[in-house]
>>> print(open('structure.cif').read())   # mmCIF, N, CA and C atoms
data_model
loop_
_atom_site.label_atom_id
_atom_site.label_comp_id
_atom_site.auth_asym_id
_atom_site.auth_seq_id
_atom_site.Cartn_x
_atom_site.Cartn_y
_atom_site.Cartn_z
N MET A 22 11.82 -65.47 25.45
CA MET A 22 10.57 -65.74 24.79
C MET A 22 10.31 -64.77 23.65
N VAL A 23 10.78 -63.55 23.80
CA VAL A 23 10.56 -62.56 22.76
C VAL A 23 11.27 -62.99 21.47
N PHE A 24 12.45 -63.57 21.60
CA PHE A 24 13.19 -63.99 20.43
C PHE A 24 12.45 -65.11 19.67
N SER A 25 11.86 -66.03 20.38
CA SER A 25 11.18 -67.14 19.72
C SER A 25 9.90 -66.67 19.00
N ARG A 26 9.22 -65.68 19.53
CA ARG A 26 8.03 -65.15 18.85
C ARG A 26 8.43 -64.42 17.57
N ARG A 27 9.51 -63.67 17.64
CA ARG A 27 9.98 -62.97 16.43
C ARG A 27 10.44 -63.97 15.39
N LEU A 28 11.13 -65.00 15.83
CA LEU A 28 11.60 -66.02 14.89
C LEU A 28 10.41 -66.77 14.27
N ALA A 29 9.39 -67.04 15.05
CA ALA A 29 8.20 -67.72 14.53
C ALA A 29 7.47 -66.83 13.52
N ALA A 30 7.36 -65.54 13.80
CA ALA A 30 6.70 -64.62 12.87
C ALA A 30 7.49 -64.50 11.57
N LEU A 31 8.82 -64.40 11.68
CA LEU A 31 9.66 -64.32 10.49
C LEU A 31 9.55 -65.60 9.66
N ALA A 32 9.55 -66.74 10.32
CA ALA A 32 9.42 -68.02 9.62
C ALA A 32 8.07 -68.11 8.92
N ALA A 33 7.01 -67.63 9.57
CA ALA A 33 5.69 -67.66 8.97
C ALA A 33 5.61 -66.75 7.75
N VAL A 34 6.23 -65.58 7.84
CA VAL A 34 6.20 -64.63 6.72
C VAL A 34 6.96 -65.19 5.53
N VAL A 35 7.99 -65.96 5.77
CA VAL A 35 8.80 -66.50 4.67
C VAL A 35 8.25 -67.84 4.17
N LEU A 36 7.90 -68.72 5.09
CA LEU A 36 7.54 -70.08 4.69
C LEU A 36 6.15 -70.20 4.09
N ILE A 37 5.20 -69.41 4.52
CA ILE A 37 3.83 -69.52 3.98
C ILE A 37 3.81 -69.16 2.49
N PRO A 38 4.36 -68.02 2.05
CA PRO A 38 4.37 -67.75 0.60
C PRO A 38 5.18 -68.77 -0.19
N LEU A 39 6.29 -69.26 0.38
CA LEU A 39 7.06 -70.29 -0.33
C LEU A 39 6.27 -71.58 -0.46
N GLY A 40 5.51 -71.92 0.55
CA GLY A 40 4.66 -73.11 0.47
C GLY A 40 3.57 -72.96 -0.57
N ILE A 41 2.98 -71.78 -0.62
CA ILE A 41 1.94 -71.52 -1.64
C ILE A 41 2.54 -71.60 -3.04
N ALA A 42 3.72 -71.02 -3.24
CA ALA A 42 4.36 -71.04 -4.55
C ALA A 42 4.74 -72.47 -4.95
N ALA A 43 5.24 -73.24 -4.01
CA ALA A 43 5.62 -74.62 -4.32
C ALA A 43 4.40 -75.46 -4.66
N THR A 44 3.30 -75.26 -3.93
CA THR A 44 2.07 -76.00 -4.22
C THR A 44 1.52 -75.62 -5.59
N SER A 45 1.56 -74.34 -5.91
CA SER A 45 1.07 -73.88 -7.21
C SER A 45 1.91 -74.45 -8.34
N PHE A 46 3.23 -74.47 -8.14
CA PHE A 46 4.12 -75.02 -9.17
C PHE A 46 3.90 -76.50 -9.35
N ALA A 47 3.66 -77.22 -8.26
CA ALA A 47 3.45 -78.66 -8.33
C ALA A 47 2.13 -79.02 -9.00
N LEU A 48 1.12 -78.17 -8.90
CA LEU A 48 -0.19 -78.48 -9.45
C LEU A 48 -0.40 -78.00 -10.88
N THR A 49 0.54 -77.25 -11.44
CA THR A 49 0.36 -76.77 -12.81
C THR A 49 0.59 -77.89 -13.81
N ASP A 50 -0.06 -77.78 -14.96
CA ASP A 50 0.10 -78.78 -16.01
C ASP A 50 1.38 -78.49 -16.77
N SER A 51 2.11 -79.52 -17.07
CA SER A 51 3.30 -79.33 -17.88
C SER A 51 2.89 -79.39 -19.35
N PRO A 52 3.32 -78.43 -20.15
CA PRO A 52 2.92 -78.44 -21.57
C PRO A 52 3.59 -79.59 -22.30
N GLN A 53 2.81 -80.26 -23.13
CA GLN A 53 3.32 -81.37 -23.92
C GLN A 53 3.51 -80.92 -25.35
N GLN A 54 4.43 -81.56 -26.03
CA GLN A 54 4.65 -81.27 -27.44
C GLN A 54 3.43 -81.72 -28.24
N PRO A 55 2.99 -80.93 -29.23
CA PRO A 55 1.85 -81.36 -30.05
C PRO A 55 2.21 -82.60 -30.86
N LYS A 56 1.28 -83.52 -30.93
CA LYS A 56 1.52 -84.75 -31.67
C LYS A 56 1.10 -84.55 -33.12
N VAL A 57 2.03 -84.77 -34.02
CA VAL A 57 1.78 -84.60 -35.44
C VAL A 57 1.63 -85.99 -36.06
N PRO A 58 0.55 -86.24 -36.81
CA PRO A 58 0.42 -87.56 -37.42
C PRO A 58 1.49 -87.77 -38.49
N ALA A 59 1.90 -89.00 -38.64
CA ALA A 59 2.94 -89.32 -39.61
C ALA A 59 2.43 -89.19 -41.04
N LYS A 60 1.13 -89.48 -41.25
CA LYS A 60 0.59 -89.43 -42.60
C LYS A 60 -0.81 -88.83 -42.55
N VAL A 61 -1.11 -87.94 -43.47
CA VAL A 61 -2.42 -87.30 -43.54
C VAL A 61 -3.14 -87.86 -44.75
N GLU A 62 -4.35 -88.37 -44.52
CA GLU A 62 -5.14 -88.93 -45.61
C GLU A 62 -6.37 -88.06 -45.85
N LEU A 63 -6.64 -87.77 -47.10
CA LEU A 63 -7.82 -87.02 -47.48
C LEU A 63 -8.97 -87.97 -47.71
N GLU A 64 -10.18 -87.42 -47.71
CA GLU A 64 -11.35 -88.25 -47.99
C GLU A 64 -11.27 -88.79 -49.41
N SER A 65 -11.71 -90.01 -49.58
CA SER A 65 -11.63 -90.62 -50.92
C SER A 65 -12.70 -90.07 -51.85
N GLY A 66 -13.81 -89.60 -51.32
CA GLY A 66 -14.91 -89.10 -52.14
C GLY A 66 -14.83 -87.60 -52.34
N SER A 67 -13.68 -87.09 -52.75
CA SER A 67 -13.55 -85.66 -52.93
C SER A 67 -14.35 -85.22 -54.16
N PRO A 68 -14.93 -84.04 -54.12
CA PRO A 68 -15.75 -83.59 -55.27
C PRO A 68 -14.88 -83.28 -56.47
N THR A 69 -15.42 -83.54 -57.64
CA THR A 69 -14.71 -83.25 -58.87
C THR A 69 -15.06 -81.84 -59.31
N PRO A 70 -14.14 -81.13 -59.94
CA PRO A 70 -14.45 -79.76 -60.38
C PRO A 70 -15.49 -79.77 -61.49
N LYS A 71 -16.34 -78.74 -61.49
CA LYS A 71 -17.38 -78.62 -62.50
C LYS A 71 -16.76 -78.18 -63.83
N PRO A 72 -17.30 -78.66 -64.94
CA PRO A 72 -16.79 -78.18 -66.23
C PRO A 72 -17.23 -76.72 -66.44
N ALA A 73 -16.43 -75.98 -67.16
CA ALA A 73 -16.72 -74.58 -67.42
C ALA A 73 -17.97 -74.46 -68.28
N SER A 74 -18.84 -73.52 -67.93
CA SER A 74 -20.07 -73.33 -68.70
C SER A 74 -19.76 -72.57 -69.98
N SER A 75 -20.65 -72.70 -70.94
CA SER A 75 -20.41 -72.07 -72.25
C SER A 75 -20.60 -70.55 -72.20
N SER A 76 -21.46 -70.05 -71.28
CA SER A 76 -21.68 -68.60 -71.19
C SER A 76 -21.35 -68.14 -69.76
N PRO A 77 -20.12 -67.78 -69.52
CA PRO A 77 -19.73 -67.38 -68.16
C PRO A 77 -20.35 -66.04 -67.78
N ASP A 78 -20.59 -65.85 -66.49
CA ASP A 78 -21.10 -64.57 -66.00
C ASP A 78 -20.03 -63.50 -66.18
N PRO A 79 -20.43 -62.28 -66.45
CA PRO A 79 -19.42 -61.23 -66.63
C PRO A 79 -18.69 -60.96 -65.31
N THR A 80 -17.42 -60.77 -65.40
CA THR A 80 -16.63 -60.43 -64.22
C THR A 80 -16.82 -58.94 -63.93
N PRO A 81 -16.52 -58.51 -62.72
CA PRO A 81 -16.71 -57.09 -62.40
C PRO A 81 -15.91 -56.15 -63.31
N SER A 82 -14.80 -56.61 -63.84
CA SER A 82 -14.02 -55.74 -64.73
C SER A 82 -14.71 -55.56 -66.08
N ASP A 83 -15.64 -56.45 -66.45
CA ASP A 83 -16.34 -56.34 -67.72
C ASP A 83 -17.56 -55.42 -67.64
N GLN A 84 -18.03 -55.11 -66.43
CA GLN A 84 -19.22 -54.29 -66.29
C GLN A 84 -18.86 -52.81 -66.39
N VAL A 85 -19.77 -52.03 -66.96
CA VAL A 85 -19.57 -50.60 -67.13
C VAL A 85 -20.50 -49.87 -66.17
N VAL A 86 -19.94 -48.95 -65.39
CA VAL A 86 -20.73 -48.18 -64.44
C VAL A 86 -20.60 -46.71 -64.83
N THR A 87 -21.75 -46.03 -64.91
CA THR A 87 -21.71 -44.62 -65.28
C THR A 87 -21.34 -43.78 -64.06
N ARG A 88 -20.65 -42.67 -64.30
CA ARG A 88 -20.24 -41.78 -63.22
C ARG A 88 -21.39 -40.87 -62.83
N PRO A 89 -21.45 -40.48 -61.56
CA PRO A 89 -22.47 -39.51 -61.17
C PRO A 89 -22.12 -38.13 -61.73
N PRO A 90 -23.12 -37.26 -61.91
CA PRO A 90 -22.83 -35.94 -62.47
C PRO A 90 -21.99 -35.11 -61.50
N VAL A 91 -21.12 -34.28 -62.05
CA VAL A 91 -20.26 -33.42 -61.25
C VAL A 91 -20.98 -32.11 -61.00
N THR A 92 -21.04 -31.67 -59.75
CA THR A 92 -21.69 -30.41 -59.40
C THR A 92 -20.71 -29.52 -58.68
N ASP A 93 -20.94 -28.19 -58.78
CA ASP A 93 -20.07 -27.24 -58.11
C ASP A 93 -20.50 -26.98 -56.67
N GLY A 94 -21.77 -27.21 -56.38
CA GLY A 94 -22.29 -26.94 -55.04
C GLY A 94 -22.00 -28.08 -54.08
N PRO A 95 -22.33 -27.86 -52.81
CA PRO A 95 -22.11 -28.93 -51.82
C PRO A 95 -23.10 -30.08 -52.04
N ALA A 96 -22.77 -31.20 -51.50
CA ALA A 96 -23.65 -32.36 -51.63
C ALA A 96 -24.95 -32.10 -50.88
N ASP A 97 -25.98 -32.89 -51.14
CA ASP A 97 -27.27 -32.73 -50.48
C ASP A 97 -27.14 -33.16 -49.02
N ASP A 98 -26.80 -32.21 -48.16
CA ASP A 98 -26.61 -32.50 -46.74
C ASP A 98 -27.56 -31.62 -45.96
N ASP A 99 -28.36 -32.23 -45.09
CA ASP A 99 -29.34 -31.44 -44.35
C ASP A 99 -28.82 -31.01 -42.99
N ASP A 100 -27.56 -31.27 -42.67
CA ASP A 100 -26.90 -30.86 -41.43
C ASP A 100 -27.60 -31.39 -40.19
N ASP A 101 -28.31 -32.49 -40.29
CA ASP A 101 -28.94 -33.10 -39.12
C ASP A 101 -28.14 -34.31 -38.63
N ASP A 102 -26.90 -34.43 -39.06
CA ASP A 102 -26.11 -35.60 -38.71
C ASP A 102 -25.77 -35.66 -37.23
N ASP A 103 -25.56 -34.50 -36.61
CA ASP A 103 -25.10 -34.50 -35.22
C ASP A 103 -26.23 -34.42 -34.22
N ARG A 104 -27.46 -34.40 -34.65
CA ARG A 104 -28.59 -34.34 -33.73
C ARG A 104 -29.31 -35.67 -33.74
N GLY A 105 -30.10 -35.91 -32.71
CA GLY A 105 -30.81 -37.17 -32.57
C GLY A 105 -31.99 -37.28 -33.52
N GLN A 106 -32.74 -38.36 -33.37
CA GLN A 106 -33.88 -38.61 -34.26
C GLN A 106 -34.99 -37.60 -34.04
N ASP A 107 -35.20 -37.17 -32.79
CA ASP A 107 -36.26 -36.23 -32.49
C ASP A 107 -35.74 -34.81 -32.40
N ALA A 108 -34.79 -34.45 -33.26
CA ALA A 108 -34.17 -33.13 -33.19
C ALA A 108 -35.14 -32.02 -33.58
N ASP A 109 -36.15 -32.33 -34.39
CA ASP A 109 -37.06 -31.29 -34.83
C ASP A 109 -38.18 -31.04 -33.84
N ASP A 110 -38.24 -31.83 -32.77
CA ASP A 110 -39.28 -31.60 -31.75
C ASP A 110 -38.95 -30.35 -30.96
N GLY A 111 -39.92 -29.50 -30.82
CA GLY A 111 -39.74 -28.28 -30.02
C GLY A 111 -39.94 -28.57 -28.55
N PRO A 112 -39.83 -27.52 -27.72
CA PRO A 112 -39.98 -27.75 -26.30
C PRO A 112 -41.39 -28.19 -25.89
N GLY A 113 -42.40 -27.86 -26.66
CA GLY A 113 -43.77 -28.22 -26.30
C GLY A 113 -44.28 -29.46 -26.99
N ASP A 114 -43.41 -30.14 -27.79
CA ASP A 114 -43.87 -31.31 -28.55
C ASP A 114 -43.90 -32.58 -27.70
N GLY A 115 -43.26 -32.63 -26.52
CA GLY A 115 -43.21 -33.67 -25.53
C GLY A 115 -43.23 -35.00 -26.02
#
>>> encode(input="structure.cif", output="structure tokens")
Amino acid sequence: MVFSRRLAALAAVVLIPLGIAATSFALTDSPQQPKVPAKVELESGSPTPKPASSSPDPTPSDQVVTRPPVTDGPADDDDDDDRGQDADDGPGDG
């Protein structure tokens, strides 16, 4: 009797995962090839391009931007970047 219980336990350990794997494989969807239409048709009422206007807007390359002044000192930095919004509140400001 001991042999049959061991054989039943071994069969259960092997057959249950194999059954789960087979069921999972059987229930998965098989990927299908994408269907490509033989001919692609565009809408017949496509918009026509607008005629060029007589006074075009200036492109960014046509605009002139002045440079900021060069200074030897550091930029205007108040060194409050690493502190929170209420950094100036003292211990009694609550």
>>> atom_distance(input="structure.cif", atom1="CA of Phe24 (chain A)", atom2="CA of Leu36 (chain A)")
17.8 Å
>>> atom_distance(input="structure.cif", atom1="atom N of Leu39 (chain A)", atom2="atom C of Arg27 (chain A)")
16.4 Å
>>> atom_distance(input="structure.cif", atom1="CA of Gly40 (chain A)", atom2="CA of Gln53 (chain A)")
25.8 Å
>>> decode(input="structure.cif", residues="region 38-53 of chain A", atoms="all heavy atoms", output="compact mmCIF listing (two decimals), in the first residue's frame")
# COMPACT_ATOMS: atom_id res chain seq x y z
N PRO A 38 0.23 19.85 -12.90
CA PRO A 38 0.81 20.98 -13.66
C PRO A 38 0.75 20.77 -15.17
O PRO A 38 0.53 21.73 -15.92
CB PRO A 38 2.26 21.06 -13.17
CG PRO A 38 2.24 20.42 -11.84
CD PRO A 38 1.20 19.35 -11.93
N LEU A 39 0.92 19.52 -15.63
CA LEU A 39 0.82 19.28 -17.07
C LEU A 39 -0.60 19.51 -17.57
O LEU A 39 -0.80 20.05 -18.66
CB LEU A 39 1.26 17.84 -17.39
CG LEU A 39 2.76 17.59 -17.34
CD1 LEU A 39 3.06 16.12 -17.61
CD2 LEU A 39 3.48 18.46 -18.34
N GLY A 40 -1.58 19.16 -16.78
CA GLY A 40 -2.96 19.42 -17.15
C GLY A 40 -3.27 20.91 -17.21
O GLY A 40 -3.97 21.38 -18.11
N ILE A 41 -2.74 21.64 -16.25
CA ILE A 41 -2.94 23.11 -16.24
C ILE A 41 -2.27 23.73 -17.46
O ILE A 41 -2.84 24.60 -18.13
CB ILE A 41 -2.41 23.71 -14.93
CG1 ILE A 41 -3.28 23.24 -13.75
CG2 ILE A 41 -2.37 25.23 -15.01
CD1 ILE A 41 -2.72 23.63 -12.40
N ALA A 42 -1.05 23.30 -17.79
CA ALA A 42 -0.34 23.84 -18.94
C ALA A 42 -1.06 23.51 -20.24
O ALA A 42 -1.18 24.35 -21.14
CB ALA A 42 1.09 23.31 -18.96
N ALA A 43 -1.57 22.29 -20.35
CA ALA A 43 -2.28 21.90 -21.57
C ALA A 43 -3.57 22.69 -21.72
O ALA A 43 -3.93 23.13 -22.83
CB ALA A 43 -2.56 20.40 -21.54
N THR A 44 -4.29 22.90 -20.62
CA THR A 44 -5.52 23.68 -20.68
C THR A 44 -5.23 25.13 -21.06
O THR A 44 -5.94 25.74 -21.87
CB THR A 44 -6.23 23.63 -19.32
OG1 THR A 44 -6.45 22.27 -18.96
CG2 THR A 44 -7.55 24.36 -19.36
N SER A 45 -4.18 25.69 -20.49
CA SER A 45 -3.82 27.07 -20.81
C SER A 45 -3.43 27.21 -22.27
O SER A 45 -3.81 28.17 -22.95
CB SER A 45 -2.66 27.51 -19.90
OG SER A 45 -2.22 28.79 -20.27
N PHE A 46 -2.67 26.23 -22.78
CA PHE A 46 -2.27 26.27 -24.19
C PHE A 46 -3.47 26.14 -25.11
O PHE A 46 -3.55 26.80 -26.14
CB PHE A 46 -1.26 25.15 -24.47
CG PHE A 46 -0.78 25.12 -25.89
CD1 PHE A 46 0.13 26.05 -26.34
CD2 PHE A 46 -1.26 24.17 -26.77
CE1 PHE A 46 0.57 26.02 -27.65
CE2 PHE A 46 -0.84 24.14 -28.07
CZ PHE A 46 0.08 25.07 -28.52
N ALA A 47 -4.43 25.30 -24.74
CA ALA A 47 -5.60 25.09 -25.57
C ALA A 47 -6.52 26.31 -25.59
O ALA A 47 -7.20 26.56 -26.58
CB ALA A 47 -6.38 23.86 -25.08
N LEU A 48 -6.53 27.09 -24.52
CA LEU A 48 -7.44 28.24 -24.45
C LEU A 48 -6.85 29.54 -24.96
O LEU A 48 -7.55 30.55 -25.05
CB LEU A 48 -7.89 28.44 -23.00
CG LEU A 48 -8.77 27.31 -22.43
CD1 LEU A 48 -9.08 27.60 -20.96
CD2 LEU A 48 -10.04 27.15 -23.23
N THR A 49 -5.57 29.57 -25.30
CA THR A 49 -4.97 30.81 -25.80
C THR A 49 -5.41 31.09 -27.22
O THR A 49 -5.74 30.17 -27.98
CB THR A 49 -3.44 30.75 -25.76
OG1 THR A 49 -3.00 29.62 -26.51
CG2 THR A 49 -2.92 30.67 -24.35
N ASP A 50 -5.45 32.36 -27.58
CA ASP A 50 -5.82 32.75 -28.94
C ASP A 50 -4.62 32.59 -29.84
O ASP A 50 -3.49 32.95 -29.49
CB ASP A 50 -6.27 34.21 -28.98
CG ASP A 50 -7.57 34.43 -28.25
OD1 ASP A 50 -8.35 33.46 -28.15
OD2 ASP A 50 -7.81 35.55 -27.78
N SER A 51 -4.86 32.07 -31.01
CA SER A 51 -3.77 31.96 -31.97
C SER A 51 -3.69 33.27 -32.74
O SER A 51 -4.71 33.79 -33.22
CB SER A 51 -4.01 30.79 -32.93
OG SER A 51 -5.22 30.98 -33.61
N PRO A 52 -2.51 33.85 -32.87
CA PRO A 52 -2.41 35.14 -33.59
C PRO A 52 -2.66 34.94 -35.07
O PRO A 52 -2.21 33.99 -35.69
CB PRO A 52 -0.97 35.58 -33.32
CG PRO A 52 -0.23 34.34 -33.02
CD PRO A 52 -1.22 33.40 -32.38
N GLN A 53 -3.44 35.85 -35.64
CA GLN A 53 -3.74 35.80 -37.06
C GLN A 53 -2.93 36.85 -37.79
O GLN A 53 -2.56 37.88 -37.22
CB GLN A 53 -5.23 36.04 -37.29
CG GLN A 53 -6.11 34.99 -36.65
CD GLN A 53 -7.58 35.33 -36.83
OE1 GLN A 53 -7.92 36.41 -37.30
NE2 GLN A 53 -8.43 34.42 -36.43
